[in-house]
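Here's the structure, in structure tokens; my notes come after.
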Amino acid sequence: MRVAQSWLVLISAAAMGVGGPVYAGLLSGSNSADISETAYSSSKNEMGVVLVSVNWQRKWKCGEFENAELLTMGFDLMPITTSVDRTQPAFFLDGPPRLTKSSGFVPYVALLKPGTYALSQFDIKAARSVSEVGHFSAGPKELIPEGKDALGTFDVHAGEVVYIGHFFVDCAGRPIPWRFYVEDRDGFAKYIAAIKAKYPFLDVSNAQFRLLKTEAFGRNYDLPQ
């Protein structure tokens, strides 16, 4: 992945409530949100299912930038036991090539070990112009600061199906990922129905609305009764 040399690729940690500017290397790899009927049938009682949607499209007029787009996101099972320099997070989402990006949010379904997962990586490409392009990127050192709480976490238990939110670029300050959500039970029911239509083998009868918990990348919210 090529980065233009016209400006430094930094993520402002201050915008996330932590220290000064830092840089975490860019990552690319294979999506780990890919579930098969065979894998689900053999491990659905020992593993958990996580539902998430991501909008990979460019967001135009993003703060001081002409546009910005979320390229990758990653989550790790806590506590992290692997090196922060590893190639890829445990639960990794890598957006499609630009020319194949579909409009709106793309749903993903992942089969994960039970536990608490923390947002541990993201990469956002931002452009001031065609010739001025760079990246805002963060990794475990910034998102899971030593001695402090992780900046975003979700829980999944064995046998559960859990929805953790919709993610897109936010442009209130420097570009960061932002966790959105469906706002009512009817919307949640429609979202779950769409997942069931795509993955008919999934048991979504007791799907849980349990958003990524964060004050840095979204607002906490519970479905109204």
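Residues are named by chain letter and number: chains run A, B, ... in the order of the structure tokens, numbers start at 1 in each chain, and ligands are numbered from 1 in the order shown.
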Using only C-alpha atoms, what table do you get, as a tab-separated table, when you list each residue of segment 94-177 of chain A with an atom no more than 12 Å from segment 181-189 of chain A, its nearest pair of atoms, and their distance in Å rounded to one decimal, rows by chain then rising number?
residue	atom	partner	partner_atom	distance
A:Phe105	CA	A:Tyr181	CA	11.2
A:Val162	CA	A:Phe188	CA	11.6
A:Tyr163	CA	A:Phe188	CA	9.2
A:Ile164	CA	A:Tyr181	CA	8.1
A:Gly165	CA	A:Tyr181	CA	4.9
A:His166	CA	A:Tyr181	CA	5.4
A:Phe167	CA	A:Tyr181	CA	8.3
A:Phe168	CA	A:Tyr181	CA	10.6
Exercise: segment 59-69 of chain A partners within 8 Å, only C-alpha atoms, chain neighbours under 6 positions left out, as a ChimeraX atom specification: /A:124-129,169-175
Take the selection from the previous step and output its residues with N, CA and C atoms, as a tab-separated table (two decimals), in the first residue's frame.
chain	number	residue	atom	x	y	z
A	124	ILE	N	-7.12	4.42	8.32
A	124	ILE	CA	-7.97	5.28	7.52
A	124	ILE	C	-7.10	6.06	6.54
A	125	LYS	N	-7.47	6.00	5.27
A	125	LYS	CA	-6.77	6.80	4.25
A	125	LYS	C	-7.49	8.14	4.12
A	126	ALA	N	-6.73	9.21	4.11
A	126	ALA	CA	-7.31	10.55	3.98
A	126	ALA	C	-6.57	11.33	2.91
A	127	ALA	N	-7.29	12.16	2.17
A	127	ALA	CA	-6.70	12.92	1.08
A	127	ALA	C	-7.10	14.38	1.15
A	128	ARG	N	-6.11	15.26	1.05
A	128	ARG	CA	-6.40	16.69	0.90
A	128	ARG	C	-6.61	17.03	-0.57
A	129	SER	N	-5.98	16.23	-1.43
A	129	SER	CA	-6.12	16.38	-2.88
A	129	SER	C	-5.66	15.08	-3.52
A	169	VAL	N	-16.46	6.05	8.89
A	169	VAL	CA	-15.55	7.14	9.23
A	169	VAL	C	-16.31	8.29	9.88
A	170	ASP	N	-15.74	8.87	10.93
A	170	ASP	CA	-16.27	10.08	11.56
A	170	ASP	C	-15.32	11.23	11.29
A	171	CYS	N	-15.86	12.41	11.02
A	171	CYS	CA	-15.04	13.54	10.58
A	171	CYS	C	-15.19	14.76	11.47
A	172	ALA	N	-15.61	14.58	12.71
A	172	ALA	CA	-15.78	15.73	13.60
A	172	ALA	C	-14.45	16.42	13.88
A	173	GLY	N	-13.37	15.64	13.96
A	173	GLY	CA	-12.02	16.17	14.11
A	173	GLY	C	-11.15	15.52	13.06
A	174	ARG	N	-10.08	14.88	13.49
A	174	ARG	CA	-9.32	14.06	12.55
A	174	ARG	C	-10.11	12.78	12.29
A	175	PRO	N	-9.99	12.20	11.11
A	175	PRO	CA	-10.79	11.02	10.79
A	175	PRO	C	-10.51	9.86	11.75
Do a neighbour search on Val106 of chain A at 10 Å with only C-alpha atoms, toss out local chain neighbours closer than 3 positions, and write the hits as JSON, numbers by chain. {"A": [52, 53, 54, 55, 56, 95, 101, 102, 103, 166, 167]}
Save out the residues we just selected, N, CA and C atoms, as a compact mmCIF listing (two decimals), in the first residue's frame.
# COMPACT_ATOMS: atom_id res chain seq x y z
N VAL A 52 -21.32 -7.66 12.67
CA VAL A 52 -20.85 -6.28 12.55
C VAL A 52 -21.02 -5.84 11.10
N SER A 53 -21.28 -4.57 10.88
CA SER A 53 -21.36 -4.04 9.53
C SER A 53 -20.40 -2.86 9.40
N VAL A 54 -19.81 -2.74 8.21
CA VAL A 54 -18.81 -1.69 7.96
C VAL A 54 -19.12 -1.00 6.63
N ASN A 55 -19.03 0.32 6.64
CA ASN A 55 -19.14 1.10 5.41
C ASN A 55 -17.72 1.47 4.97
N TRP A 56 -17.28 0.90 3.85
CA TRP A 56 -15.92 1.09 3.35
C TRP A 56 -15.82 2.24 2.34
N GLY A 95 -11.10 -4.02 4.06
CA GLY A 95 -12.07 -3.59 3.08
C GLY A 95 -11.73 -4.03 1.67
N LYS A 101 -16.01 -1.71 -4.19
CA LYS A 101 -16.74 -1.35 -2.99
C LYS A 101 -18.21 -1.12 -3.31
N SER A 102 -19.06 -1.77 -2.53
CA SER A 102 -20.50 -1.57 -2.72
C SER A 102 -20.97 -0.42 -1.85
N SER A 103 -22.14 0.11 -2.18
CA SER A 103 -22.66 1.24 -1.42
C SER A 103 -23.22 0.78 -0.08
N HIS A 166 -22.46 -0.84 13.70
CA HIS A 166 -22.13 -0.45 12.34
C HIS A 166 -20.97 0.56 12.41
N PHE A 167 -19.95 0.40 11.57
CA PHE A 167 -18.78 1.28 11.62
C PHE A 167 -18.60 2.06 10.32
As a PyMOL selection string, please: the residues near Asn220 of chain A (cut-off 10 Å, only C-alpha atoms, same-chain neighbours under 2 positions excluded). chain A and resi 179-181+210-215+217-218+222
Separation of atom CA of Thr153 of chain A and atom CA of Thr116 of chain A, in Å?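 Spanning atom CA of Thr153 of chain A to atom CA of Thr116 of chain A is a straight-line distance of 6.7 Å.
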Expected answer as a ChimeraX atom specification: strand (DSSP E) residues in segment 51-206 of chain A: /A:51-54,59-62,65-77,91-94,106-112,115-127,133-138,153-156,161-170,176-180
Can you check which parts of segment 128-198 of chain A lie within 12 Å of segment 32-40 of chain A? Per residue, the shortest pair of atoms and distance in Å to one decimal, counting only C-alpha atoms, sorted by chain and number, as a tab-separated table.
residue	atom	partner	partner_atom	distance
A:Ala158	CA	A:Tyr40	CA	11.8
A:Gly159	CA	A:Tyr40	CA	10.1
A:Glu160	CA	A:Tyr40	CA	11.7
A:Val161	CA	A:Tyr40	CA	11.4
A:Ile195	CA	A:Ile35	CA	11.9
A:Lys198	CA	A:Ile35	CA	11.1
Serialized selection, N, CA and C atoms, as a tab-separated table (two decimals), in the first residue's frame:
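Final file, selection.tsv:
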chain	number	residue	atom	x	y	z
A	158	ALA	N	-19.90	-18.22	24.75
A	158	ALA	CA	-20.11	-19.43	23.97
A	158	ALA	C	-21.59	-19.61	23.67
A	159	GLY	N	-21.91	-19.94	22.44
A	159	GLY	CA	-23.28	-20.19	22.03
A	159	GLY	C	-24.09	-18.95	21.71
A	160	GLU	N	-23.50	-17.76	21.85
A	160	GLU	CA	-24.22	-16.51	21.61
A	160	GLU	C	-24.08	-16.02	20.17
A	161	VAL	N	-25.05	-15.21	19.77
A	161	VAL	CA	-24.95	-14.39	18.57
A	161	VAL	C	-25.09	-12.94	19.02
A	195	ILE	N	-29.43	-10.96	8.03
A	195	ILE	CA	-28.33	-11.89	8.32
A	195	ILE	C	-28.79	-13.33	8.14
A	198	LYS	N	-28.97	-14.37	4.55
A	198	LYS	CA	-27.66	-14.61	3.94
A	198	LYS	C	-26.99	-15.85	4.49
Best match for closeness to Gln57 of chain A among A:Leu111, A:Ala138, A:Leu71, A:Ala197, counting only C-alpha atoms: A:Leu71
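The gap separating atom CA of His157 of chain A from atom CA of Asp76 of chain A is 15.0 Å, in Å to one decimal.
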From atom CA of Phe209 of chain A to atom CA of Phe122 of chain A the spacing works out at 23.1 Å
Neighbour list for Lys196 of chain A as an mmCIF file with C-alpha atoms, in the first residue's frame, cut-off 12 Å, only C-alpha atoms, skip fewer than 3 positions in-chain:
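Wrote part37.cif, looks like this:
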data_model
loop_
_atom_site.group_PDB
_atom_site.id
_atom_site.type_symbol
_atom_site.label_atom_id
_atom_site.label_comp_id
_atom_site.auth_asym_id
_atom_site.auth_seq_id
_atom_site.Cartn_x
_atom_site.Cartn_y
_atom_site.Cartn_z
ATOM 1 C CA LEU A 51 -22.289 -9.572 13.792
ATOM 2 C CA PRO A 107 -22.499 -7.116 7.006
ATOM 3 C CA TYR A 108 -19.916 -9.533 8.396
ATOM 4 C CA VAL A 109 -20.329 -12.620 10.566
ATOM 5 C CA VAL A 161 -24.955 -14.388 18.566
ATOM 6 C CA ALA A 189 -35.250 -7.309 13.759
ATOM 7 C CA LYS A 190 -34.831 -6.351 10.090
ATOM 8 C CA TYR A 191 -31.045 -6.451 10.415
ATOM 9 C CA ILE A 192 -31.146 -9.909 11.996
ATOM 10 C CA ALA A 193 -33.579 -11.116 9.318
ATOM 11 C CA TYR A 199 -26.654 -17.316 6.442
ATOM 12 C CA PRO A 200 -29.729 -19.563 6.775
ATOM 13 C CA PHE A 201 -27.867 -22.083 8.934
ATOM 14 C CA LEU A 202 -27.354 -19.543 11.762
ATOM 15 C CA ASP A 203 -29.594 -19.735 14.811
ATOM 16 C CA VAL A 204 -30.373 -16.049 15.387
ATOM 17 C CA SER A 205 -33.481 -16.593 17.504
ATOM 18 C CA ALA A 207 -29.429 -12.624 18.901
#
Go through A:Pro177, A:Gly104, A:Pro97, A:Gly152 one by one, measure the shortest atom-to-atom distance of each to Leu77 of chain A using only C-alpha atoms, and give the residue with the smallest value.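 Looking at the shortest contact to Leu77 of chain A, the residue is A:Gly152.
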DSSP alpha helix (DSSP H) residues within chain A, listed as a PDB file with C-alpha atoms, in the first residue's frame:
ATOM      1  CA  GLU A  37     -22.039 -24.010   7.924  1.00  0.00           C
ATOM      2  CA  THR A  38     -19.601 -26.809   8.741  1.00  0.00           C
ATOM      3  CA  ALA A  39     -17.552 -24.681  11.149  1.00  0.00           C
ATOM      4  CA  TYR A  40     -20.666 -23.279  12.804  1.00  0.00           C
ATOM      5  CA  SER A  41     -22.328 -26.684  13.250  1.00  0.00           C
ATOM      6  CA  SER A  42     -19.232 -28.228  14.816  1.00  0.00           C
ATOM      7  CA  SER A  43     -18.408 -25.409  17.248  1.00  0.00           C
ATOM      8  CA  PRO A 140      -2.486  -1.855  20.254  1.00  0.00           C
ATOM      9  CA  LYS A 141      -0.065   0.605  21.889  1.00  0.00           C
ATOM     10  CA  GLU A 142      -2.502   3.434  21.217  1.00  0.00           C
ATOM     11  CA  LEU A 143      -5.866   1.680  21.481  1.00  0.00           C
ATOM     12  CA  ARG A 185     -36.239  -3.052  17.859  1.00  0.00           C
ATOM     13  CA  ASP A 186     -37.912  -3.038  14.464  1.00  0.00           C
ATOM     14  CA  GLY A 187     -34.642  -2.004  12.815  1.00  0.00           C
ATOM     15  CA  PHE A 188     -32.747  -4.630  14.783  1.00  0.00           C
ATOM     16  CA  ALA A 189     -35.250  -7.309  13.759  1.00  0.00           C
ATOM     17  CA  LYS A 190     -34.831  -6.351  10.090  1.00  0.00           C
ATOM     18  CA  TYR A 191     -31.045  -6.451  10.415  1.00  0.00           C
ATOM     19  CA  ILE A 192     -31.146  -9.909  11.996  1.00  0.00           C
ATOM     20  CA  ALA A 193     -33.579 -11.116   9.318  1.00  0.00           C
ATOM     21  CA  ALA A 194     -31.152  -9.980   6.613  1.00  0.00           C
ATOM     22  CA  ILE A 195     -28.333 -11.890   8.321  1.00  0.00           C
ATOM     23  CA  LYS A 196     -30.528 -14.991   8.515  1.00  0.00           C
ATOM     24  CA  ALA A 197     -31.355 -14.701   4.814  1.00  0.00           C
ATOM     25  CA  LYS A 198     -27.660 -14.606   3.939  1.00  0.00           C
TER      26      LYS A 198
END
